[in-house]
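*Asks:* Got data-v5.txt for you, compact mmCIF, C-alpha atoms:
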# COMPACT_ATOMS: atom_id res chain seq x y z
CA MET G 1 36.54 -24.49 24.89
CA GLN G 2 33.87 -22.23 23.37
CA GLU G 3 36.01 -21.58 20.32
CA TYR G 4 36.45 -25.29 19.87
CA VAL G 5 32.69 -25.73 20.00
CA ASP G 6 32.54 -23.25 17.12
CA GLY G 7 35.33 -24.96 15.23
CA GLU G 8 37.30 -21.72 15.43
CA ALA G 9 40.09 -22.94 17.72
CA GLY G 10 43.44 -24.20 16.41
CA GLY G 11 44.60 -27.83 16.59
CA GLU G 12 47.00 -27.38 19.50
CA VAL G 13 44.26 -25.79 21.60
CA TRP G 14 42.17 -28.88 20.97
CA GLU G 15 44.99 -31.18 22.03
CA GLN G 16 45.40 -29.33 25.30
CA LEU G 17 41.65 -29.33 25.79
CA SER G 18 41.14 -33.03 25.08
CA ASP G 19 44.02 -33.89 27.45
CA HIS G 20 42.29 -31.92 30.15
CA LEU G 21 38.81 -33.29 29.42
CA GLU G 22 40.05 -36.86 29.82
CA ARG G 23 41.23 -36.12 33.32
CA CYS G 24 38.43 -33.81 34.44
CA PRO G 25 34.86 -35.25 34.40
CA ASP G 26 33.27 -31.91 35.38
CA CYS G 27 34.82 -30.13 32.41
CA ALA G 28 33.97 -33.08 30.16
CA ARG G 29 30.34 -32.81 31.14
CA HIS G 30 30.39 -29.05 30.67
CA PHE G 31 31.91 -29.55 27.24
CA ARG G 32 29.26 -32.07 26.25
CA GLU G 33 26.55 -29.67 27.31
CA MET G 34 28.11 -26.82 25.39
CA ARG G 35 28.18 -28.94 22.27
CA GLN G 36 24.61 -29.91 22.86
CA VAL G 37 23.64 -26.24 23.06
CA ALA G 38 25.49 -25.51 19.83
CA THR G 39 23.79 -28.47 18.15
CA GLY G 40 20.38 -27.31 19.34
CA LEU G 41 21.10 -23.78 18.12
CA ASP G 42 22.26 -24.98 14.72
CA ALA G 43 19.12 -27.10 14.44
CA LEU G 44 17.00 -23.94 14.46
CA GLY G 45 17.96 -23.53 10.83
CA ILE G 46 16.81 -21.18 8.10
CA LEU G 47 13.11 -20.76 7.40
CA ASP G 48 11.80 -19.37 4.12
CA PRO G 49 8.86 -16.96 4.40
CA GLY G 50 7.92 -18.01 0.86
CA GLU G 51 7.91 -16.53 -2.61
CA ALA G 52 4.92 -14.29 -1.74
CA PHE G 53 7.21 -12.36 0.60
CA VAL G 54 9.04 -10.82 -2.37
CA GLY G 55 5.77 -9.66 -3.91
CA ASP G 56 4.68 -8.12 -0.60
CA VAL G 57 7.90 -6.14 -0.27
CA MET G 58 7.77 -4.92 -3.86
CA LYS G 59 4.13 -3.93 -3.45
CA ARG G 60 4.96 -1.87 -0.38
CA ILE G 61 7.83 -0.22 -2.22
CA ARG G 62 5.59 0.69 -5.14
CA VAL G 63 2.91 2.08 -2.84
CA GLU G 64 5.45 4.15 -0.96
CA ARG G 65 6.92 5.46 -4.19
CA GLN G 66 3.48 6.44 -5.38
CA ILE G 67 2.79 8.27 -2.16
CA LEU G 68 6.05 10.18 -2.38
CA ARG G 69 5.42 10.66 -6.12
CA GLU G 70 8.99 9.77 -6.78
CA THR G 71 10.51 7.84 -9.60
CA PRO G 72 13.07 5.13 -8.73
CA PRO G 73 15.68 6.43 -6.29
CA ALA G 74 17.22 9.59 -7.74
CA ARG G 75 17.42 12.40 -5.24
CA GLY G 76 18.67 15.19 -7.49
CA PHE G 77 15.80 14.74 -9.88
CA ARG G 78 13.14 14.90 -7.21
CA TRP G 79 14.65 18.11 -5.87
CA SER G 80 14.67 19.93 -9.18
CA ALA G 81 11.12 18.74 -9.89
CA ALA G 82 9.96 20.29 -6.63
CA VAL G 83 11.68 23.61 -7.42
CA PHE G 84 10.19 23.62 -10.91
CA ALA G 85 6.69 22.95 -9.61
CA TRP G 86 7.07 25.76 -7.09
CA ALA G 87 8.35 28.22 -9.70
CA LYS G 88 5.53 27.35 -12.06
CA GLY G 89 2.98 27.95 -9.31
CA ALA G 90 4.58 31.27 -8.37
CA ALA G 91 4.60 32.45 -12.01
CA ILE G 92 0.90 31.67 -12.46
CA MET G 93 0.06 33.41 -9.19
CA THR G 94 1.98 36.50 -10.28
CA LEU G 95 0.09 36.73 -13.57
CA VAL G 96 -3.25 36.26 -11.85
CA ILE G 97 -2.49 38.89 -9.23
CA LEU G 98 -1.27 41.40 -11.82
CA ALA G 99 -4.28 40.88 -14.07
CA PHE G 100 -6.69 41.00 -11.18
CA GLY G 101 -5.00 44.07 -9.75
CA MET G 102 -5.15 45.98 -13.03
CA LEU G 103 -8.76 45.11 -13.69
CA SER G 104 -10.18 45.67 -10.28
CA VAL G 105 -8.15 48.64 -9.12
CA PHE G 106 -7.65 50.65 -12.26
CA ALA G 107 -10.84 50.10 -14.15
CA PRO G 108 -13.14 53.09 -13.62
CA SER G 109 -15.30 52.24 -10.72
CA SER G 110 -18.98 52.95 -10.48
CA LEU G 111 -18.56 53.40 -6.75
CA PRO G 112 -17.51 56.83 -5.51
CA GLY G 113 -14.40 57.03 -3.40
CA ALA G 114 -10.67 57.02 -3.85
CA ARG G 115 -8.36 54.03 -3.76
CA VAL G 116 -4.86 54.28 -2.38
CA LEU G 117 -1.87 52.12 -3.15
CA SER G 118 1.50 52.25 -1.53
CA THR G 119 4.73 50.32 -1.51
CA ASP G 120 4.77 50.97 2.24
CA PRO G 121 2.22 48.54 3.66
CA SER G 122 2.21 50.21 7.06
CA ALA G 123 1.42 53.69 5.74
CA GLN G 124 -1.62 55.22 7.44
CA VAL G 125 -3.66 57.55 5.23
CA VAL G 126 -7.15 58.91 5.74
CA ILE G 127 -9.69 58.35 2.99
CA SER G 128 -13.09 60.03 3.00
CA GLY G 129 -14.99 59.87 -0.26
CA ARG G 130 -12.73 61.36 -2.94
CA ASP G 131 -10.46 63.03 -0.41
CA VAL G 132 -7.24 61.33 0.51
CA ARG G 133 -5.12 62.81 3.26
CA VAL G 134 -1.66 61.90 4.47
CA PRO G 135 -1.83 63.09 8.08
CA VAL G 136 0.93 65.08 9.75
CA THR G 137 1.86 62.05 11.79
CA THR G 138 2.35 59.80 8.73
CA VAL G 139 5.53 59.20 6.83
CA VAL G 140 5.00 56.98 3.80
CA ARG G 141 8.26 55.11 3.30
CA GLY G 142 7.74 54.40 -0.38
CA ASN G 143 5.59 55.36 -3.35
CA LEU G 144 1.98 56.48 -3.03
CA THR G 145 -0.64 56.16 -5.77
CA VAL G 146 -4.14 57.60 -5.52
CA VAL G 147 -6.79 56.52 -8.00
CA ASP G 148 -10.05 58.46 -8.40
CA GLY G 149 -9.21 60.80 -5.58
CA ASP G 150 -7.77 64.18 -4.57
CA LEU G 151 -4.66 64.15 -2.45
CA THR G 152 -3.64 66.31 0.46
CA ILE G 153 -0.24 65.74 2.02
CA ALA G 154 0.28 67.09 5.51
CA GLY G 155 2.84 64.50 6.49
CA ARG G 156 5.50 63.18 4.16
CA VAL G 157 5.92 60.77 1.25
CA GLU G 158 9.48 59.60 0.74
CA GLY G 159 8.91 58.08 -2.73
CA ASP G 160 6.95 59.10 -5.83
CA VAL G 161 3.41 60.39 -5.71
CA ARG G 162 0.97 59.51 -8.49
CA VAL G 163 -2.57 60.71 -8.80
CA ILE G 164 -4.73 59.05 -11.43
CA ARG G 165 -8.05 60.58 -12.39
CA GLY G 166 -7.83 63.18 -9.67
CA LYS G 167 -5.80 66.18 -8.48
CA ILE G 168 -3.40 67.24 -5.80
CA LYS G 169 -5.10 69.62 -3.40
CA SER G 170 -2.08 70.41 -1.29
CA ALA G 171 1.43 69.04 -1.24
CA PRO G 172 4.34 71.22 -0.05
CA ALA G 173 7.42 70.62 -2.19
CA ALA G 174 9.37 69.40 0.84
CA SER G 175 6.71 66.81 1.66
CA VAL G 176 7.49 64.55 -1.31
CA GLY G 177 10.85 62.85 -1.70
CA GLY G 178 10.34 61.60 -5.27
CA ARG G 179 8.45 62.72 -8.33
CA VAL G 180 4.89 63.99 -8.37
CA VAL G 181 2.75 62.89 -11.32
CA VAL G 182 -0.86 63.72 -12.02
CA ILE G 183 -2.46 61.74 -14.82
CA ASP G 184 -5.68 62.46 -16.59
CA SER G 185 -5.24 61.52 -20.29
CA PRO G 186 -6.39 57.96 -21.10
CA LEU G 187 -3.02 56.99 -22.62
CA ALA G 188 -1.04 58.30 -19.67
CA GLN G 189 -3.55 56.62 -17.41
CA ALA G 190 -2.95 53.29 -19.03
CA LYS G 191 0.82 53.72 -18.80
CA ASP G 192 0.67 54.67 -15.17
CA ALA G 193 -1.81 51.98 -14.39
CA VAL G 194 0.91 49.49 -15.19
CA LEU G 195 3.39 51.30 -12.94
CA GLY G 196 0.73 51.49 -10.26
CA ALA G 197 0.03 47.81 -10.54
CA CYS G 198 3.73 47.15 -10.07
CA ASP G 199 3.64 49.26 -6.93
CA TRP G 200 0.61 47.40 -5.77
CA PHE G 201 2.29 44.08 -6.36
CA LEU G 202 5.37 45.32 -4.54
CA SER G 203 3.20 46.33 -1.61
CA ILE G 204 1.84 42.81 -1.39
CA TYR G 205 5.33 41.43 -1.58
CA ALA G 206 6.47 43.84 1.15
CA ARG G 207 3.56 42.76 3.29
CA ILE G 208 4.45 39.11 2.90
CA VAL G 209 8.10 39.78 3.68
CA SER G 210 7.27 41.96 6.69
CA GLY G 211 5.34 39.11 8.23
CA GLY G 212 1.84 38.62 6.91
CA CYS G 213 -1.27 40.58 6.11
CA GLY G 214 -2.80 40.44 9.56
CA ARG G 215 -0.77 43.23 11.09
CA MET R 216 7.20 -4.68 -13.23
CA ARG R 217 6.28 -8.36 -13.61
CA THR R 218 9.22 -10.63 -13.99
CA GLY R 219 9.16 -12.85 -17.03
CA PRO R 220 9.72 -16.58 -16.65
CA ALA R 221 13.41 -16.30 -17.46
CA ALA R 222 14.04 -13.26 -15.24
CA PRO R 223 14.35 -14.93 -11.80
CA ASP R 224 17.02 -17.25 -13.08
CA PHE R 225 18.81 -14.38 -14.78
CA HIS R 226 18.91 -12.37 -11.54
CA SER R 227 20.00 -15.32 -9.44
CA ARG R 228 23.21 -15.49 -11.46
CA LEU R 229 24.17 -11.86 -10.83
CA SER R 230 26.32 -10.74 -7.90
CA ASP R 231 24.88 -8.64 -5.05
CA ASP R 232 26.81 -5.64 -6.34
CA ASP R 233 25.37 -6.03 -9.84
CA LEU R 234 21.84 -6.27 -8.48
CA ILE R 235 22.39 -3.19 -6.30
CA ARG R 236 23.80 -1.22 -9.22
CA MET R 237 20.73 -2.12 -11.28
CA SER R 238 18.39 -1.36 -8.38
CA LYS R 239 20.00 2.05 -7.95
CA SER R 240 19.21 2.87 -11.56
CA GLY R 241 15.56 2.00 -10.96
CA ASP R 242 15.39 -1.68 -11.95
CA ASP R 243 12.69 -3.09 -9.67
CA ASP R 244 13.23 -6.65 -10.88
CA ALA R 245 16.84 -6.47 -9.78
CA PHE R 246 15.77 -5.35 -6.31
CA ALA R 247 13.19 -8.16 -6.22
CA GLY R 248 16.13 -10.46 -7.00
CA LEU R 249 17.96 -9.19 -3.93
CA VAL R 250 14.87 -9.63 -1.76
CA SER R 251 14.45 -13.15 -3.08
CA ARG R 252 18.08 -14.00 -2.41
CA TYR R 253 18.09 -12.80 1.21
CA ARG R 254 14.46 -13.27 2.25
CA ALA R 255 14.99 -16.57 4.12
CA LYS R 256 18.14 -15.43 5.92
CA VAL R 257 16.63 -12.10 6.90
CA TYR R 258 13.33 -13.64 7.95
CA SER R 259 15.05 -16.33 10.02
CA LEU R 260 17.20 -13.74 11.77
CA ALA R 261 14.12 -11.67 12.62
CA LEU R 262 12.11 -14.74 13.61
CA ARG R 263 14.72 -15.96 16.11
CA MET R 264 15.14 -12.44 17.41
CA VAL R 265 11.47 -11.60 18.06
CA GLY R 266 10.08 -15.16 18.35
CA ASP R 267 6.86 -14.41 16.47
CA GLN R 268 6.21 -15.22 12.81
CA GLU R 269 4.00 -12.25 12.04
CA GLU R 270 6.27 -9.74 13.72
CA ALA R 271 9.27 -11.33 12.04
CA GLU R 272 7.64 -10.94 8.64
CA ASP R 273 6.87 -7.28 9.30
CA ILE R 274 10.41 -6.62 10.45
CA SER R 275 11.87 -8.40 7.43
CA GLN R 276 9.73 -6.37 5.05
CA GLU R 277 10.68 -3.20 6.88
CA ALA R 278 14.36 -4.14 6.61
CA PHE R 279 14.18 -4.51 2.84
CA ILE R 280 12.21 -1.27 2.50
CA ASN R 281 14.83 0.54 4.60
CA VAL R 282 17.47 -0.88 2.33
CA TYR R 283 15.56 0.33 -0.70
CA ARG R 284 15.23 3.83 0.73
CA ALA R 285 18.94 3.99 1.48
CA LEU R 286 20.20 2.38 -1.74
CA ASP R 287 21.85 5.64 -2.77
CA SER R 288 24.00 5.67 0.36
CA PHE R 289 25.24 2.10 -0.11
CA ARG R 290 28.82 1.92 -1.28
CA LEU R 291 29.42 -0.76 -3.85
CA GLY R 292 32.13 -3.08 -2.60
CA ASP R 293 30.74 -3.13 0.94
CA LYS R 294 29.07 -6.38 1.90
CA PHE R 295 25.36 -6.24 1.22
CA SER R 296 24.73 -9.19 3.54
CA SER R 297 26.32 -7.33 6.47
CA TRP R 298 24.21 -4.30 5.71
CA ILE R 299 20.87 -6.10 5.52
CA TYR R 300 21.70 -8.20 8.62
CA ARG R 301 22.61 -5.05 10.55
CA ILE R 302 19.35 -3.34 9.61
CA THR R 303 17.33 -6.45 10.48
CA ALA R 304 19.11 -7.00 13.79
CA ASN R 305 18.71 -3.35 14.79
CA LEU R 306 15.02 -3.29 13.83
CA SER R 307 14.53 -6.47 15.89
CA ILE R 308 16.40 -5.06 18.88
CA ASP R 309 14.35 -1.85 18.72
CA HIS R 310 11.17 -3.87 18.44
CA LEU R 311 12.04 -6.03 21.45
CA ARG R 312 12.91 -2.99 23.53
CA LYS R 313 9.67 -1.23 22.61
CA LYS R 314 7.70 -4.35 23.41
CA ARG R 315 9.49 -4.90 26.66
CA ARG R 316 9.00 -1.33 27.81
CA GLY R 317 5.29 -2.05 27.96
CA GLU R 318 5.78 -5.18 30.04
CA LEU R 319 7.43 -6.01 33.34
CA SER R 320 11.17 -5.77 32.83
CA ILE R 321 12.86 -9.07 33.49
CA ASP R 322 16.32 -7.80 32.53
CA ALA R 323 18.65 -6.31 35.03
CA PRO R 324 20.19 -3.14 33.61
CA GLN R 325 23.25 -3.75 31.51
CA ASN R 326 26.55 -2.02 31.99
CA PRO R 327 27.99 -0.15 28.99
CA GLU R 328 30.09 -3.15 27.97
CA GLY R 329 26.93 -5.12 27.42
CA ASP R 330 27.54 -7.44 30.38
CA MET R 331 24.46 -8.77 32.02
CA TYR R 332 22.35 -10.54 34.52
CA ILE R 333 21.74 -14.19 35.05
CA GLN R 334 18.11 -15.05 34.65
CA LEU R 335 15.96 -17.39 36.67
CA PRO R 336 15.04 -20.73 35.12
CA ASP R 337 11.63 -21.06 33.54
CA PRO R 338 9.38 -22.52 36.28
CA ALA R 339 6.84 -23.73 33.70
CA ALA R 340 9.26 -26.16 32.09
CA ASP R 341 8.76 -29.90 32.54
CA PRO R 342 11.58 -31.27 34.78
CA GLU R 343 11.33 -34.83 33.38
CA ARG R 344 11.94 -33.78 29.78
CA SER R 345 14.58 -35.83 28.02
CA VAL R 346 16.79 -33.95 25.65
CA ILE R 347 16.39 -35.53 22.26
CA GLU R 348 17.01 -33.29 19.26
CA ALA R 349 13.50 -31.92 18.72
CA GLU R 350 13.03 -31.23 22.39
CA LEU R 351 16.50 -29.79 22.65
CA LYS R 352 15.59 -27.45 19.83
CA ALA R 353 12.42 -26.39 21.62
CA ALA R 354 14.35 -25.84 24.83
CA VAL R 355 16.92 -23.78 22.97
CA GLU R 356 14.17 -21.71 21.36
CA ARG R 357 12.71 -20.92 24.75
CA ALA R 358 16.08 -20.13 26.23
CA ILE R 359 16.98 -17.83 23.34
CA ASN R 360 13.76 -15.91 23.78
CA GLU R 361 14.80 -14.92 27.27
CA LEU R 362 18.19 -13.54 26.29
CA SER R 363 18.67 -9.80 26.12
CA PRO R 364 18.32 -8.45 22.58
CA VAL R 365 22.03 -7.78 21.99
CA TYR R 366 23.04 -11.27 23.19
CA LYS R 367 20.32 -12.80 21.11
CA ALA R 368 21.55 -11.01 18.00
CA VAL R 369 25.06 -12.47 18.32
CA VAL R 370 23.78 -16.01 18.98
CA VAL R 371 21.34 -15.92 16.07
CA LEU R 372 23.86 -14.45 13.63
CA ARG R 373 26.28 -17.20 14.61
CA HIS R 374 24.01 -20.24 14.66
CA VAL R 375 21.14 -19.35 12.34
CA ASN R 376 22.97 -17.20 9.80
CA GLN R 377 26.21 -19.18 10.29
CA LEU R 378 28.45 -16.09 10.35
CA SER R 379 32.05 -16.13 11.55
CA TYR R 380 33.11 -14.09 14.60
CA GLU R 381 34.59 -11.48 12.23
CA GLU R 382 31.41 -11.20 10.19
CA ILE R 383 29.34 -10.76 13.35
CA ALA R 384 31.71 -8.00 14.48
CA GLU R 385 31.18 -6.28 11.13
CA VAL R 386 27.40 -6.62 11.23
CA MET R 387 26.99 -5.42 14.81
CA LYS R 388 29.85 -2.91 14.60
CA ILE R 389 31.39 -4.23 17.81
CA PRO R 390 34.94 -5.44 18.51
CA LEU R 391 35.80 -9.10 17.94
CA GLY R 392 36.38 -9.60 21.66
CA THR R 393 32.91 -8.35 22.45
CA VAL R 394 31.45 -10.79 19.91
CA LYS R 395 33.13 -13.70 21.69
CA THR R 396 32.22 -12.46 25.16
CA ARG R 397 28.59 -12.08 24.23
CA LEU R 398 28.37 -15.34 22.30
CA PHE R 399 30.07 -17.44 25.00
CA ARG R 400 28.13 -15.86 27.81
CA ALA R 401 24.84 -16.17 25.95
CA ARG R 402 25.47 -19.87 25.28
CA GLU R 403 26.40 -20.36 28.91
CA ILE R 404 23.08 -18.82 29.89
CA ILE R 405 21.25 -21.09 27.44
CA ARG R 406 23.14 -24.13 28.76
CA SER R 407 22.30 -23.40 32.37
CA LYS R 408 18.68 -22.79 31.49
CA ILE R 409 18.39 -26.07 29.60
CA GLN R 410 20.02 -27.95 32.47
CA ALA R 411 17.70 -26.29 34.93
CA SER R 412 14.57 -27.02 32.93
CA SER R 413 15.42 -30.60 31.92
CA GLY R 414 16.80 -31.67 35.26
CA ASP R 415 20.40 -32.68 35.75
CA GLY R 416 19.91 -36.44 35.49
CA ALA R 417 17.98 -36.35 32.24
CA ALA R 418 20.49 -33.96 30.71
CA ARG R 419 23.38 -36.30 31.55
CA LYS R 420 21.65 -39.28 30.01
CA GLY R 421 20.73 -37.24 26.92
CA ALA R 422 24.31 -36.16 26.42
Represent the structure of the file as structure tokens.

*Replies:*
Amino acid sequence: MQEYVDGEAGGEVWEQLSDHLERCPDCARHFREMRQVATGLDALGILDPGEAFVGDVMKRIRVERQILRETPPARGFRWSAAVFAWAKGAAIMTLVILAFGMLSVFAPSSLPGARVLSTDPSAQVVISGRDVRVPVTTVVRGNLTVVDGDLTIAGRVEGDVRVIRGKIKSAPAASVGGRVVVIDSPLAQAKDAVLGACDWFLSIYARIVSGGCGR
Amino acid sequence: MRTGPAAPDFHSRLSDDDLIRMSKSGDDDAFAGLVSRYRAKVYSLALRMVGDQEEAEDISQEAFINVYRALDSFRLGDKFSSWIYRITANLSIDHLRKKRRGELSIDAPQNPEGDMYIQLPDPAADPERSVIEAELKAAVERAINELSPVYKAVVVLRHVNQLSYEEIAEVMKIPLGTVKTRLFRAREIIRSKIQASSGDGAARKGA
């Protein structure tokens, strides 16, 4: 009966149904009511929200696109743009850090006292004035550079040791795993300053990788 | 971005697939053409689902924006109408459920098949009302509002959007049998509600 109301029932179904409806007043009434419901439902009809609706939708789309700073839908492009922006930022940061590092660390300082750089961010060394000491308990797992200071190694340095504008007071041969370089000439200083800056940058990198500067 | 005077007519002659292809490549006017083509059908579906003009407008806008966001995932050749109806119906159902959660629940819980409850007649309705077309329409509107969201969706897709059983099955992603069960049962609920609110005698005369 319902399918007939929808006009989706076949002709023979209708014949059977109409036969039955003629003999059964209850079903006939039910059928009339069902048709009435369908008529009432169809009368609801389609309502147009108006032409302004289109403008509202397009405005929201444009606002959203502006917020996401995306061009019309193209996922791959957005992705590569994000990577490019990140790489550009990282490159600028690297240059700034290198320049800053070279200027501030390697320029002769008016302040007395040694500065120590290491590729091992957790290395514990003792600095007092110009004296730099690697205690017995310390193992530096990387390179160690001392600027404007005199170095004493009681513990161990597994990498290279560089001393710029200073001297090595005591360093048993077995205490250094890599090379030992002492630099005093301005040219050699400049050359090693670059290497030192690289070490310094590496130490920052190692610190970031090992989980932040706070530790 | 502005459409020229000839543009709306130009877009109205293109197929859904053409407009989607153009929208995918960033043609906003083409997407506006799609919105224009479906705005009334989508709005009417939402309106009969949620029963409030402002909410219906919000839901319709949201439906088109969801479509826009997901344009890339739409496969050309699929029916756009089914897609936009599905999104609209689901947004409406979600909206009704959210709204209802805040109020006293008048629905008995449904079993997984989607079977349901019989509701009480509306006690506020006038028992002497005669069922002429306009009043019948009003009675139907009230009755629809009290259906559960999933029943409502099937009834509205059938009678407002004039979809076939098969199209409803495609939109709601339910089997054909479930479409019929829900539609027939929902109409039965509406019928009994109208009879209850108009009074038996008046209903018989009106029919």

*Asks:* Which residues come within 12 Å of Met237 of chain R, counting all atoms listed in the file, excluding same-chain residues fewer than 4 positions away, as a list in words?

*Replies:*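 These residues fall inside the cut-off: Pro72 and Pro73 of chain G; His226, Leu229, Ser230, Asp231, Asp232, Asp233, Gly241, Asp242, Asp243, Asp244, Ala245, Phe246, Ala247, Gly248, Leu249, Leu286, Asp287 and Leu291 of chain R.
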
*Asks:* Using all atoms listed in the file, select each residue of chain G with any atom at most 7 Å away from an atom of chain R, and give the selection as an NGL selection string.

*Replies:* :G and (2 or 32-34 or 37 or 40-49 or 54 or 57-58 or 61 or 72-73)

*Asks:* Between R:Val265, R:Ala358, R:Val386, R:Arg301, which one has atoms that come closest to Lys314 of chain R, using all atoms listed in the file?

*Replies:*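 Among R:Val265, R:Ala358, R:Val386, R:Arg301, it is R:Val265 that comes nearest to Lys314 of chain R.
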
*Asks:* Report as JSON lines the residues of segment 84-160 of chain G within 8 Å of segment 204-209 of chain G, each with its shortest atom pair and distance in Å (one decimal), using all atoms listed in the file, ordered by chain and increasing residue number.

*Replies:*
{"residue": "G:Thr119", "atom": "CA", "partner": "G:Ala206", "partner_atom": "CA", "distance": 7.2}
{"residue": "G:Asp120", "atom": "CA", "partner": "G:Ala206", "partner_atom": "CA", "distance": 7.4}
{"residue": "G:Pro121", "atom": "CA", "partner": "G:Arg207", "partner_atom": "CA", "distance": 5.9}

*Asks:* Restricted to C-alpha atoms, what would the selected residues look like written as a compact mmCIF listing (two decimals), keeping the file's coordinate frame?

*Replies:*
# COMPACT_ATOMS: atom_id res chain seq x y z
CA THR G 119 4.73 50.32 -1.51
CA ASP G 120 4.77 50.97 2.24
CA PRO G 121 2.22 48.54 3.66

*Asks:* Which distance in Å separates atom CA of Lys294 of chain R and atom CA of Ala261 of chain R, to one decimal?

*Replies:*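 If I compute the distance from atom CA of Lys294 of chain R to atom CA of Ala261 of chain R, I get 19.1 Å.
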
*Asks:* To one decimal in Å, tell me the separation between atom CA of Arg290 of chain R and atom CA of Glu51 of chain G.

*Replies:*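 If I compute the distance from atom CA of Arg290 of chain R to atom CA of Glu51 of chain G, I get 27.9 Å.
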
*Asks:* Which residues come within 9 Å of segment 6-21 of chain G, counting all atoms listed in the file, excluding same-chain residues fewer than 3 positions away, as a PyMOL selection string?

*Replies:* (chain G and resi 1-3+24-29+31+35+38) or (chain R and resi 379-380)

*Asks:* Restricting it to C-alpha atoms, dump the selection as a tab-separated table (two decimals), in the frame of the given file.

*Replies:*
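Final file, again22.tsv:
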chain	number	residue	atom	x	y	z
G	1	MET	CA	36.54	-24.49	24.89
G	2	GLN	CA	33.87	-22.23	23.37
G	3	GLU	CA	36.01	-21.58	20.32
G	24	CYS	CA	38.43	-33.81	34.44
G	25	PRO	CA	34.86	-35.25	34.40
G	26	ASP	CA	33.27	-31.91	35.38
G	27	CYS	CA	34.82	-30.13	32.41
G	28	ALA	CA	33.97	-33.08	30.16
G	29	ARG	CA	30.34	-32.81	31.14
G	31	PHE	CA	31.91	-29.55	27.24
G	35	ARG	CA	28.18	-28.94	22.27
G	38	ALA	CA	25.49	-25.51	19.83
R	379	SER	CA	32.05	-16.13	11.55
R	380	TYR	CA	33.11	-14.09	14.60

*Asks:* Quick one: residues within 12 Å of Thr138 of chain G, only C-alpha atoms counted, chain neighbours fewer than 6 positions away excluded, as a VMD selection string?

*Replies:* chain G and resid 120 122 to 126 153 to 158 175

*Asks:* Just the number, please: distance in Å from atom CA of Gly178 of chain G to atom CA of Leu144 of chain G, one decimal.

*Replies:*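 Atom-to-atom, atom CA of Gly178 of chain G and atom CA of Leu144 of chain G are spaced 10.1 Å apart.
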
*Asks:* May I ask which of the residues R:Ile404, R:Val369, R:Met264, R:Ile274 is the closest one to Leu391 of chain R, counting all atoms listed in the file?

*Replies:*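 Looking at the shortest contact to Leu391 of chain R, the residue is R:Val369.
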
*Asks:* Provide segment 45-59 of chain G of the preceding structure as a file containing C-alpha atoms, as a PDB file, in the first residue's frame.

*Replies:*
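result-v4.pdb, written as the output of this step:
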ATOM      1  CA  GLY G  45       7.827  21.944  -1.160  1.00  0.00           C
ATOM      2  CA  ILE G  46      11.177  23.536  -1.913  1.00  0.00           C
ATOM      3  CA  LEU G  47      12.045  26.903  -0.414  1.00  0.00           C
ATOM      4  CA  ASP G  48      14.765  29.132  -1.849  1.00  0.00           C
ATOM      5  CA  PRO G  49      16.981  30.887   0.704  1.00  0.00           C
ATOM      6  CA  GLY G  50      17.584  33.553  -1.954  1.00  0.00           C
ATOM      7  CA  GLU G  51      20.398  34.734  -4.183  1.00  0.00           C
ATOM      8  CA  ALA G  52      22.210  36.311  -1.196  1.00  0.00           C
ATOM      9  CA  PHE G  53      22.849  32.802   0.117  1.00  0.00           C
ATOM     10  CA  VAL G  54      25.395  32.164  -2.649  1.00  0.00           C
ATOM     11  CA  GLY G  55      27.278  35.349  -1.777  1.00  0.00           C
ATOM     12  CA  ASP G  56      27.321  34.397   1.907  1.00  0.00           C
ATOM     13  CA  VAL G  57      28.796  30.973   1.175  1.00  0.00           C
ATOM     14  CA  MET G  58      31.434  32.379  -1.168  1.00  0.00           C
ATOM     15  CA  LYS G  59      32.352  35.045   1.365  1.00  0.00           C
TER      16      LYS G  59
END
